[in-house]
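Reproduced below: final-v3.csv, with CSV, C-alpha atoms.
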chain,number,residue,atom,x,y,z
A,1,MET,CA,63.0,122.6,106.8
A,2,LYS,CA,60.9,125.7,107.5
A,3,LEU,CA,61.8,127.8,110.5
A,4,LEU,CA,58.3,127.3,111.8
A,5,THR,CA,58.9,123.6,112.2
A,6,VAL,CA,61.6,123.9,114.8
A,7,ASN,CA,59.1,125.4,117.1
A,8,PHE,CA,57.3,122.0,117.1
A,9,LEU,CA,60.4,119.8,117.5
A,10,SER,CA,62.2,118.5,120.6
A,11,CYS,CA,64.8,115.8,121.2
A,12,PRO,CA,63.3,112.3,120.6
A,13,LEU,CA,65.4,110.7,123.4
A,14,LYS,CA,63.0,109.7,126.2
A,15,SER,CA,65.4,110.8,128.9
A,16,CYS,CA,65.5,114.3,127.4
A,17,LYS,CA,61.7,114.7,127.3
A,18,THR,CA,61.6,116.1,130.9
A,19,SER,CA,64.5,118.5,130.4
A,20,PRO,CA,63.5,122.0,129.4
A,21,LYS,CA,66.9,122.2,127.5
A,22,SER,CA,65.6,119.8,124.9
A,23,PHE,CA,63.5,122.5,123.4
A,24,PRO,CA,64.1,124.3,121.2
A,25,LEU,CA,66.7,122.3,119.3
A,26,HIS,CA,69.6,124.6,118.2
A,27,PHE,CA,70.7,125.1,114.6
A,28,LYS,CA,74.3,124.5,113.7
A,29,ASP,CA,76.3,124.8,110.5
A,30,VAL,CA,73.2,125.7,108.5
A,31,GLU,CA,72.7,126.6,104.9
A,32,VAL,CA,69.5,128.7,104.5
A,33,VAL,CA,67.8,129.8,101.3
A,34,ALA,CA,64.7,131.9,100.7
A,35,ASP,CA,61.8,129.9,99.3
A,36,PRO,CA,59.4,132.5,97.9
A,37,GLU,CA,57.7,129.7,95.9
A,38,GLY,CA,56.9,127.9,99.2
A,39,ALA,CA,53.5,128.1,100.8
A,40,PRO,CA,51.6,131.2,99.7
A,41,TYR,CA,50.7,133.8,102.3
A,42,ASN,CA,47.6,132.7,104.3
A,43,ARG,CA,46.6,135.4,106.8
A,44,GLU,CA,43.8,133.3,108.4
A,45,MET,CA,46.1,130.3,108.8
A,46,LEU,CA,48.8,132.4,110.3
A,47,LEU,CA,46.5,134.1,112.8
A,48,GLY,CA,45.1,130.6,113.6
A,49,LEU,CA,48.4,129.0,114.3
A,50,LEU,CA,50.1,131.9,116.2
A,51,PRO,CA,48.5,130.9,119.5
A,52,ARG,CA,50.4,127.5,119.2
A,53,VAL,CA,53.7,129.2,118.7
A,54,GLU,CA,56.2,129.5,121.5
A,55,TRP,CA,57.3,133.0,120.5
A,56,GLY,CA,60.4,133.5,122.6
A,57,ALA,CA,61.8,130.2,121.4
A,58,LEU,CA,61.0,131.2,117.8
A,59,VAL,CA,62.8,134.5,118.0
A,60,GLY,CA,65.8,132.7,119.3
A,61,SER,CA,65.7,130.1,116.5
A,62,ALA,CA,65.3,132.9,113.9
A,63,ARG,CA,68.4,134.6,115.4
A,64,GLU,CA,70.4,131.4,115.0
A,65,LEU,CA,69.6,131.5,111.3
A,66,GLY,CA,70.5,135.2,111.1
A,67,PHE,CA,67.0,136.7,111.1
A,68,THR,CA,66.7,139.5,113.6
A,69,GLY,CA,63.6,141.2,112.2
A,70,LEU,CA,60.9,139.3,114.0
A,71,PRO,CA,58.9,141.5,116.5
A,72,GLY,CA,59.9,141.0,120.1
A,73,GLU,CA,56.3,140.4,121.1
A,74,LYS,CA,54.0,137.9,119.4
A,75,PRO,CA,51.7,139.7,117.0
A,76,GLU,CA,48.2,139.2,118.4
A,77,GLY,CA,44.6,140.1,117.6
A,78,GLU,CA,42.8,140.9,114.4
A,79,GLY,CA,44.2,144.5,114.3
A,80,VAL,CA,47.8,143.4,113.5
A,81,GLU,CA,49.2,145.2,110.5
A,82,GLU,CA,49.3,143.2,107.3
A,83,GLU,CA,52.9,144.2,106.6
A,84,ILE,CA,54.0,142.6,110.0
A,85,LEU,CA,52.1,139.4,109.3
A,86,ARG,CA,53.5,139.1,105.8
A,87,GLY,CA,57.0,139.6,107.2
A,88,VAL,CA,56.4,136.9,109.9
A,89,TRP,CA,55.1,134.5,107.2
A,90,GLU,CA,58.1,135.1,105.0
A,91,VAL,CA,60.5,134.2,107.9
A,92,LEU,CA,58.6,131.3,109.3
A,93,VAL,CA,57.4,129.6,106.1
A,94,GLN,CA,59.2,130.9,103.1
A,95,THR,CA,62.7,130.2,104.3
A,96,GLN,CA,64.3,126.7,104.0
A,97,VAL,CA,67.1,125.3,106.0
A,98,VAL,CA,68.6,123.2,103.3
A,99,SER,CA,71.4,121.5,105.3
A,100,GLY,CA,72.9,121.6,108.8
A,101,LYS,CA,72.2,120.2,112.2
A,102,LEU,CA,69.8,120.4,115.0
A,103,VAL,CA,71.4,120.0,118.4
A,104,CYS,CA,69.8,119.0,121.7
A,105,GLY,CA,70.7,121.4,124.5
A,106,SER,CA,70.3,118.6,127.0
A,107,CYS,CA,72.1,115.5,125.6
A,108,GLY,CA,74.2,117.2,122.9
A,109,TYR,CA,73.1,114.8,120.2
A,110,GLU,CA,73.2,116.3,116.7
A,111,PHE,CA,70.4,115.5,114.2
A,112,GLY,CA,71.3,116.1,110.5
A,113,ILE,CA,69.4,118.0,107.9
A,114,GLN,CA,70.0,117.0,104.3
A,115,ALA,CA,68.2,118.3,101.2
A,116,GLY,CA,65.9,120.1,103.6
A,117,ILE,CA,64.9,116.9,105.4
A,118,ALA,CA,65.8,116.4,109.1
A,119,ASN,CA,66.6,112.9,110.3
A,120,PHE,CA,65.6,112.0,113.8
A,121,LEU,CA,66.4,108.3,113.8
A,122,LEU,CA,68.5,107.3,116.8
A,123,PRO,CA,71.2,104.7,116.7
A,124,GLY,CA,70.0,101.6,118.4
A,125,HIS,CA,71.9,102.0,121.7
A,126,LEU,CA,70.4,105.3,122.5
A,127,VAL,CA,66.8,104.3,122.3
B,1,MET,CA,54.6,80.2,113.6
B,2,SER,CA,52.6,82.2,116.2
B,3,GLN,CA,55.2,81.4,118.8
B,4,LEU,CA,57.7,83.2,116.6
B,5,PHE,CA,55.6,86.3,116.6
B,6,ASN,CA,54.7,86.3,120.3
B,7,ASP,CA,56.9,87.6,123.1
B,8,LEU,CA,59.6,89.1,120.9
B,9,GLN,CA,62.3,90.9,122.8
B,10,ASP,CA,62.5,94.5,121.7
B,11,ALA,CA,65.9,94.2,120.1
B,12,SER,CA,64.9,91.3,118.0
B,13,ALA,CA,61.6,92.9,117.2
B,14,GLU,CA,63.5,95.9,115.9
B,15,THR,CA,65.6,93.6,113.7
B,16,TYR,CA,62.5,91.8,112.5
B,17,GLU,CA,60.8,95.1,111.6
B,18,ALA,CA,63.9,96.3,109.9
B,19,GLN,CA,63.9,93.3,107.7
B,20,HIS,CA,60.2,92.9,107.1
B,21,VAL,CA,58.9,96.4,107.1
B,22,HIS,CA,61.6,99.2,106.8
B,23,LYS,CA,63.8,97.6,104.2
B,24,VAL,CA,60.9,96.7,102.1
B,25,TYR,CA,59.4,100.2,102.1
B,26,GLU,CA,62.7,101.7,101.1
B,27,ILE,CA,62.8,99.4,98.1
B,28,ILE,CA,59.2,99.7,97.0
B,29,ALA,CA,58.9,103.5,97.8
B,30,PRO,CA,58.4,104.9,94.3
B,31,HIS,CA,56.0,102.2,93.2
B,32,PHE,CA,54.1,102.3,96.6
B,33,SER,CA,53.8,106.0,96.3
B,34,ALA,CA,52.4,105.8,92.8
B,35,THR,CA,49.5,103.7,94.1
B,36,ARG,CA,48.8,105.9,97.1
B,37,PHE,CA,47.0,109.0,96.0
B,38,LYS,CA,43.3,108.8,96.9
B,39,PRO,CA,42.6,109.9,100.5
B,40,TRP,CA,40.1,107.7,102.4
B,41,PRO,CA,36.8,109.5,103.1
B,42,ILE,CA,36.9,109.5,106.9
B,43,VAL,CA,40.5,110.7,107.0
B,44,GLU,CA,39.7,113.4,104.5
B,45,LYS,CA,36.7,114.5,106.6
B,46,PHE,CA,38.7,114.5,109.8
B,47,LEU,CA,41.4,116.8,108.3
B,48,LYS,CA,38.9,119.1,106.5
B,49,GLU,CA,36.9,119.7,109.7
B,50,LEU,CA,39.9,120.9,111.7
B,51,PRO,CA,39.9,124.6,112.6
B,52,THR,CA,42.0,127.0,110.5
B,53,GLY,CA,45.5,127.2,111.9
B,54,SER,CA,45.5,123.8,113.6
B,55,VAL,CA,49.0,122.3,114.1
B,56,GLY,CA,49.4,118.6,114.0
B,57,LEU,CA,51.2,115.5,112.9
B,58,ASP,CA,50.9,112.7,110.3
B,59,ILE,CA,52.8,109.8,111.9
B,60,GLY,CA,53.8,107.4,109.3
B,61,CYS,CA,53.0,109.9,106.5
B,62,GLY,CA,54.3,107.7,103.7
B,63,ASN,CA,54.3,109.7,100.4
B,64,GLY,CA,52.5,112.6,102.1
B,65,LYS,CA,49.2,112.0,100.4
B,66,TYR,CA,47.2,113.4,103.4
B,67,MET,CA,49.3,116.4,103.9
B,68,THR,CA,47.7,118.6,101.2
B,69,VAL,CA,44.1,117.7,101.9
B,70,ASN,CA,43.5,120.9,104.0
B,71,PRO,CA,45.6,123.9,103.1
B,72,ASN,CA,44.6,125.8,106.2
B,73,ILE,CA,46.4,123.6,108.8
B,74,PHE,CA,50.1,122.9,109.4
B,75,ILE,CA,51.1,119.3,109.4
B,76,ILE,CA,54.5,117.8,110.2
B,77,GLY,CA,54.7,114.4,108.6
B,78,SER,CA,57.1,111.8,109.8
B,79,ASP,CA,58.0,108.4,108.4
B,80,ARG,CA,60.6,105.7,109.0
B,81,SER,CA,61.3,105.5,105.3
B,82,ARG,CA,63.7,108.1,103.9
B,83,ASN,CA,62.7,107.3,100.4
B,84,LEU,CA,59.0,107.9,101.2
B,85,VAL,CA,59.8,111.2,103.1
B,86,ASP,CA,61.7,112.4,100.0
B,87,ILE,CA,58.5,112.0,98.0
B,88,ALA,CA,56.4,113.6,100.8
B,89,SER,CA,58.8,116.6,100.8
B,90,THR,CA,58.1,117.5,97.2
B,91,GLN,CA,55.0,119.4,98.3
B,92,ARG,CA,56.2,122.5,100.0
B,93,HIS,CA,53.3,123.6,102.2
B,94,HIS,CA,54.1,121.4,105.1
B,95,GLU,CA,57.1,119.6,106.5
B,96,ALA,CA,58.2,116.0,106.4
B,97,ILE,CA,61.0,114.4,108.5
B,98,VAL,CA,62.5,111.0,109.0
B,99,ALA,CA,61.6,109.7,112.5
B,100,ASP,CA,60.5,106.5,114.2
B,101,ALA,CA,57.0,106.5,115.7
B,102,LEU,CA,58.3,105.0,119.0
B,103,ASN,CA,60.7,108.0,119.4
B,104,LEU,CA,59.0,111.1,118.0
B,105,PRO,CA,60.9,114.4,118.0
B,106,HIS,CA,58.0,116.4,119.3
B,107,PRO,CA,57.0,118.0,122.6
B,108,CYS,CA,54.3,116.0,124.5
B,109,ASN,CA,50.8,117.2,125.4
B,110,PHE,CA,50.8,119.9,122.7
B,111,PHE,CA,49.3,119.2,119.3
B,112,ASP,CA,45.8,119.9,118.0
B,113,PHE,CA,45.6,116.7,116.0
B,114,ALA,CA,47.4,113.7,114.7
B,115,ILE,CA,46.7,111.0,112.1
B,116,SER,CA,48.4,107.7,111.9
B,117,ILE,CA,47.0,105.7,108.9
B,118,ALA,CA,48.1,102.1,108.3
B,119,VAL,CA,51.1,102.3,110.6
B,120,VAL,CA,50.6,100.7,114.0
B,121,HIS,CA,49.9,97.3,112.4
B,122,HIS,CA,53.5,97.1,111.3
B,123,PHE,CA,54.8,96.7,114.8
B,124,SER,CA,55.5,93.1,115.6
B,125,SER,CA,54.5,92.7,119.2
B,126,ASN,CA,51.5,93.9,121.3
B,127,ASP,CA,53.9,95.8,123.6
B,128,ARG,CA,55.3,97.7,120.7
B,129,ARG,CA,51.9,98.5,119.2
B,130,VAL,CA,50.7,99.8,122.5
B,131,ALA,CA,54.0,101.8,122.8
B,132,ALA,CA,53.4,103.3,119.4
B,133,LEU,CA,49.8,104.3,120.3
B,134,LYS,CA,51.1,105.8,123.5
B,135,SER,CA,53.7,107.8,121.6
B,136,ILE,CA,51.1,109.1,119.2
B,137,ILE,CA,48.5,109.9,121.9
B,138,SER,CA,51.1,111.7,124.1
B,139,THR,CA,51.7,114.3,121.5
B,140,LEU,CA,48.1,115.5,121.8
B,141,ARG,CA,47.0,118.4,124.0
B,142,PRO,CA,45.2,116.6,126.8
B,143,VAL,CA,41.5,117.1,127.6
B,144,THR,CA,40.9,119.1,130.7
B,145,GLY,CA,37.8,119.2,132.9
B,146,HIS,CA,34.6,117.9,131.5
B,147,ASP,CA,34.8,119.5,128.1
B,148,ASN,CA,36.3,117.0,125.7
B,149,ASP,CA,36.3,119.5,122.9
B,150,ASN,CA,39.3,121.3,124.1
B,151,GLY,CA,41.7,118.4,123.8
B,152,GLY,CA,43.6,117.4,120.7
B,153,LYS,CA,42.4,114.4,118.6
B,154,ALA,CA,44.1,111.6,116.8
B,155,LEU,CA,42.7,109.4,114.0
B,156,ILE,CA,44.2,105.9,113.9
B,157,TYR,CA,43.7,103.4,111.1
B,158,VAL,CA,44.8,99.8,111.1
B,159,TRP,CA,44.1,96.8,108.8
B,160,ALA,CA,41.3,94.6,109.9
B,161,LEU,CA,41.4,90.9,110.2
B,162,GLU,CA,37.7,90.8,109.2
B,163,GLN,CA,37.9,91.6,105.5
B,164,LYS,CA,36.2,88.7,103.9
B,165,ASN,CA,35.2,90.6,100.8
B,166,SER,CA,38.6,92.1,100.1
B,167,ARG,CA,41.0,90.5,97.6
B,168,ARG,CA,42.9,88.9,100.5
B,169,GLY,CA,39.8,87.4,102.0
B,170,TRP,CA,40.9,87.2,105.6
B,171,ASP,CA,38.2,86.7,108.3
B,172,GLU,CA,38.0,86.2,112.1
B,173,ASN,CA,39.4,82.7,111.7
B,174,SER,CA,42.6,83.8,109.9
B,175,LYS,CA,45.9,84.2,111.6
B,176,GLN,CA,46.5,87.8,112.7
B,177,ASP,CA,50.2,87.9,112.0
B,178,VAL,CA,50.8,87.7,108.3
B,179,PHE,CA,53.1,88.6,105.4
B,180,VAL,CA,51.5,90.6,102.7
B,181,PRO,CA,53.2,90.5,99.3
B,182,TRP,CA,54.1,93.6,97.2
B,183,VAL,CA,54.8,92.9,93.6
B,184,MET,CA,57.2,95.5,92.4
B,185,GLU,CA,56.9,96.5,88.8
B,186,LYS,CA,60.3,96.5,87.2
B,187,LYS,CA,59.9,100.1,85.9
B,188,PHE,CA,60.0,101.3,89.5
B,189,SER,CA,63.2,99.5,90.5
B,190,GLY,CA,66.4,101.5,90.7
B,191,SER,CA,69.7,100.0,91.7
B,192,ARG,CA,68.8,100.3,95.4
B,193,ASP,CA,69.5,96.8,96.5
B,194,LYS,CA,71.7,94.3,94.8
B,195,ASN,CA,70.3,91.3,96.6
B,196,PRO,CA,66.7,92.0,97.3
B,197,PRO,CA,64.5,89.3,98.9
B,198,THR,CA,62.6,88.0,95.9
B,199,THR,CA,60.2,85.3,94.8
B,200,GLY,CA,59.5,87.0,91.5
B,201,LYS,CA,56.8,85.6,89.3
B,202,THR,CA,58.1,86.9,86.0
B,203,GLN,CA,61.3,88.5,84.8
B,204,ALA,CA,59.5,91.9,84.9
B,205,GLU,CA,58.6,91.9,88.6
B,206,GLU,CA,59.9,91.1,92.0
B,207,THR,CA,57.9,90.3,95.1
B,208,TYR,CA,58.6,91.7,98.6
B,209,GLN,CA,56.9,90.6,101.8
B,210,ARG,CA,55.7,93.1,104.5
B,211,TYR,CA,54.8,92.1,108.0
B,212,TYR,CA,51.3,93.1,109.3
B,213,HIS,CA,49.4,92.4,112.5
B,214,LEU,CA,45.8,92.3,111.4
B,215,TYR,CA,43.6,93.8,114.1
B,216,ARG,CA,40.6,92.0,115.4
B,217,GLN,CA,37.3,93.8,116.1
B,218,GLY,CA,37.7,95.6,119.5
B,219,GLU,CA,41.4,95.1,119.6
B,220,LEU,CA,42.3,98.7,118.6
B,221,GLU,CA,40.1,100.2,121.3
B,222,LYS,CA,41.7,97.8,123.8
B,223,ASP,CA,45.2,98.8,122.8
B,224,ILE,CA,44.3,102.5,122.9
B,225,ILE,CA,43.0,102.2,126.5
B,226,ALA,CA,46.2,100.2,127.4
B,227,ALA,CA,48.1,103.1,126.0
B,228,GLY,CA,46.3,105.6,128.3
B,229,GLY,CA,44.1,107.1,125.6
B,230,ILE,CA,40.4,107.9,125.5
B,231,VAL,CA,38.4,106.4,122.7
B,232,CYS,CA,35.9,109.1,121.3
B,233,ASN,CA,34.6,107.2,118.4
B,234,SER,CA,35.5,104.1,116.4
B,235,GLY,CA,34.4,102.1,113.4
B,236,TYR,CA,35.2,100.2,110.2
B,237,GLU,CA,36.0,101.6,106.7
B,238,LYS,CA,37.4,99.9,103.6
B,239,ASP,CA,38.9,96.9,105.4
B,240,ASN,CA,40.3,99.0,108.3
B,241,TRP,CA,39.4,99.5,111.9
B,242,TRP,CA,39.7,103.1,112.9
B,243,ALA,CA,39.4,105.1,116.1
B,244,VAL,CA,39.4,108.8,117.1
B,245,VAL,CA,41.4,109.2,120.3
B,246,GLN,CA,42.2,111.8,122.9
B,247,ASN,CA,44.9,112.2,125.5
B,248,ARG,CA,44.2,112.4,129.2
B,249,VAL,CA,46.0,114.6,131.7
B,250,GLN,CA,48.6,112.3,133.3
B,251,GLY,CA,48.8,111.8,137.0
Take the structure I supplied and represent it as structure tokens, if you would.
Amino acid sequence: MKLLTVNFLSCPLKSCKTSPKSFPLHFKDVEVVADPEGAPYNREMLLGLLPRVEWGALVGSARELGFTGLPGEKPEGEGVEEEILRGVWEVLVQTQVVSGKLVCGSCGYEFGIQAGIANFLLPGHLV
Amino acid sequence: MSQLFNDLQDASAETYEAQHVHKVYEIIAPHFSATRFKPWPIVEKFLKELPTGSVGLDIGCGNGKYMTVNPNIFIIGSDRSRNLVDIASTQRHHEAIVADALNLPHPCNFFDFAISIAVVHHFSSNDRRVAALKSIISTLRPVTGHDNDNGGKALIYVWALEQKNSRRGWDENSKQDVFVPWVMEKKFSGSRDKNPPTTGKTQAEETYQRYYHLYRQGELEKDIIAAGGIVCNSGYEKDNWWAVVQNRVQG
């Protein structure tokens, strides 16, 4: 799973939807690898999607994976340095969480990630 | 037979879908994926017209065939079938997760777009189909004020009852709740299931049945409205009814 994705995920339990603690989900016991062969740098796409990113949450998620290099403020505007954008792209899109868990801060449920794929199916009694 | 399909309680509906939808897709995944490679024109157009940097969902993404149509948008695909998500994950520009359309792991009122192609018709009661639509629609950024352009949009496709010229030949007089066979070529079977449901025709193949609710003309729009959505546009393409939908601000 790319780091960027966790910024668009929250707990699937209906009762957690109204709790602010259900976003972002928290990484636990993760194995992370660099994926330089992943999506190639796309400046226009990054600039286009940054407005959708919850930056504070993203910085927190990155820290959970051991990345402390993201800028404290969201890079904005056309004048942002290329080097900064490339660095952001690398952390957001060219890293892979291969295995681990995503934990809901509200209900505590742990969703597994295996072979880079997260599984959000709930056992029947929780639905 | 129609009484069996009507008024299913949710728990038995889930068991019904587990048997007649989810289990089947897990078994047929590699063969199914091999036949799903050409994007339908209206879906392709919808995706290609999205602004660069749009973030959205493919709910029921299957083998991920729509996820690479537009390289300038970010899509999170989800599917109930782990085996299909495995295939969808082999492209590395997007993300694919295992999730149920009725319990999506996404924030509400947020995304620029969603697509859900040939998914909602697998839910075995009207309540569950409306719930699935509500789940999809609620992920979209709502429209505000009078300018509908600022809201997110979802494109939904479901199989049509009215497809007299297709190989199945259903029309408005056919039953809406049907089983559709999938003949699995032996070369695609692994050792996934020791006792698969089968009415195989030859020694080389096995047949699996998938449950579908075939949508009647106008029914998709009705279900979308029942789900609290706004119908922007709708039509018929290649034996499917489709609709473009928006989310309204709740309350």
With only C-alpha atoms as the basis for distance, which of A:Gly60, A:Gly79, A:Gly48, A:Pro24 is at the shortest distance from A:Leu102?
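Of all the options, A:Pro24 lies closest to A:Leu102.
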Compare B:Lys134, B:His213, B:Arg128, B:His93 by their minimum atom-to-atom distance to chain A, counting only C-alpha atoms, and give me the closest one.
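Closest residue, counting only C-alpha atoms: B:His93.
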For chain B, work out the contacting residues on chain A at 9 Å, counting all atoms listed in the file, and write them as a PyMOL selection string.
chain A and resi 1-2+5+8-14+17+23+37-40+42+44-52+93+115-122+124+127
Near stretch 237-251 of chain B, counting only C-alpha atoms, which residues have an atom at most 7 Å away, once you skip same-chain residues fewer than 6 positions from it, shown as a list in words?
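The contact residues come out as Ile137, Ser138, Leu140, Arg141, Pro142, Val143, Thr144, Gly151, Gly152, Lys153, Ala154, Leu155, Ile156, Tyr157, Val158, Trp159, Ala160, Gln163, Gly229, Ile230 and Val231 of chain B.
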Using C-alpha atoms, can you write the selected residues to a file as an mmCIF file, keeping the file's coordinate frame?
data_model
loop_
_atom_site.group_PDB
_atom_site.id
_atom_site.type_symbol
_atom_site.label_atom_id
_atom_site.label_comp_id
_atom_site.auth_asym_id
_atom_site.auth_seq_id
_atom_site.Cartn_x
_atom_site.Cartn_y
_atom_site.Cartn_z
ATOM 1 C CA ILE B 137 48.500 109.900 121.900
ATOM 2 C CA SER B 138 51.100 111.700 124.100
ATOM 3 C CA LEU B 140 48.100 115.500 121.800
ATOM 4 C CA ARG B 141 47.000 118.400 124.000
ATOM 5 C CA PRO B 142 45.200 116.600 126.800
ATOM 6 C CA VAL B 143 41.500 117.100 127.600
ATOM 7 C CA THR B 144 40.900 119.100 130.700
ATOM 8 C CA GLY B 151 41.700 118.400 123.800
ATOM 9 C CA GLY B 152 43.600 117.400 120.700
ATOM 10 C CA LYS B 153 42.400 114.400 118.600
ATOM 11 C CA ALA B 154 44.100 111.600 116.800
ATOM 12 C CA LEU B 155 42.700 109.400 114.000
ATOM 13 C CA ILE B 156 44.200 105.900 113.900
ATOM 14 C CA TYR B 157 43.700 103.400 111.100
ATOM 15 C CA VAL B 158 44.800 99.800 111.100
ATOM 16 C CA TRP B 159 44.100 96.800 108.800
ATOM 17 C CA ALA B 160 41.300 94.600 109.900
ATOM 18 C CA GLN B 163 37.900 91.600 105.500
ATOM 19 C CA GLY B 229 44.100 107.100 125.600
ATOM 20 C CA ILE B 230 40.400 107.900 125.500
ATOM 21 C CA VAL B 231 38.400 106.400 122.700
#
Of the candidates B:Leu47, B:Ile28, B:Val130, B:Val21, which shows the shortest atom-to-atom distance to B:Phe179, using all atoms listed in the file?
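Comparing B:Leu47, B:Ile28, B:Val130, B:Val21 against B:Phe179, the winner is B:Val21.
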How would you write as a PyMOL selection string the residues that get within 10 Å of (72.5, 124.2, 106.2) in the file's frame, counting all atoms listed in the file?
chain A and resi 1+27-33+65+96-102+112-116
Between atom CA of B:Arg129 and atom CA of B:Cys61 - distance in Å to one decimal:
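We find that atom CA of B:Cys61 and atom CA of B:Arg129 lie 17.1 Å from each other.
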Can you give me all heavy atoms for stretch 13-19 of chain B, written as a compact mmCIF listing (two decimals), keeping the file's coordinate frame?
# COMPACT_ATOMS: atom_id res chain seq x y z
N ALA B 13 62.73 92.37 117.94
CA ALA B 13 61.60 92.90 117.20
C ALA B 13 62.01 94.02 116.28
O ALA B 13 61.53 94.12 115.16
CB ALA B 13 60.58 93.51 118.26
N GLU B 14 62.99 94.83 116.73
CA GLU B 14 63.50 95.90 115.90
C GLU B 14 64.15 95.32 114.61
O GLU B 14 63.97 95.82 113.51
CB GLU B 14 64.51 96.74 116.60
CG GLU B 14 63.86 97.85 117.38
CD GLU B 14 64.89 98.73 118.06
OE1 GLU B 14 65.97 98.93 117.49
OE2 GLU B 14 64.60 99.17 119.17
N THR B 15 64.94 94.26 114.82
CA THR B 15 65.60 93.60 113.70
C THR B 15 64.56 93.02 112.74
O THR B 15 64.68 93.12 111.52
CB THR B 15 66.54 92.50 114.18
OG1 THR B 15 67.40 93.02 115.17
CG2 THR B 15 67.35 91.90 113.05
N TYR B 16 63.54 92.41 113.33
CA TYR B 16 62.50 91.80 112.50
C TYR B 16 61.76 92.85 111.69
O TYR B 16 61.53 92.68 110.50
CB TYR B 16 61.48 91.13 113.50
CG TYR B 16 60.42 90.31 112.83
CD1 TYR B 16 60.70 89.01 112.40
CD2 TYR B 16 59.15 90.82 112.61
CE1 TYR B 16 59.73 88.25 111.77
CE2 TYR B 16 58.18 90.07 111.98
CZ TYR B 16 58.48 88.78 111.56
OH TYR B 16 57.52 88.04 110.93
N GLU B 17 61.45 94.01 112.34
CA GLU B 17 60.80 95.10 111.60
C GLU B 17 61.70 95.70 110.57
O GLU B 17 61.27 96.11 109.49
CB GLU B 17 60.25 96.13 112.58
CG GLU B 17 59.06 95.64 113.39
CD GLU B 17 58.91 96.32 114.73
OE1 GLU B 17 59.56 97.37 114.96
OE2 GLU B 17 58.15 95.81 115.56
N ALA B 18 62.99 95.79 110.88
CA ALA B 18 63.90 96.30 109.90
C ALA B 18 63.94 95.52 108.63
O ALA B 18 63.93 96.05 107.52
CB ALA B 18 65.35 96.39 110.51
N GLN B 19 63.89 94.20 108.80
CA GLN B 19 63.90 93.30 107.70
C GLN B 19 62.60 93.24 106.93
O GLN B 19 62.55 93.26 105.69
CB GLN B 19 64.29 91.88 108.18
CG GLN B 19 64.31 90.79 107.12
CD GLN B 19 65.49 90.89 106.18
OE1 GLN B 19 66.46 91.59 106.47
NE2 GLN B 19 65.41 90.21 105.06
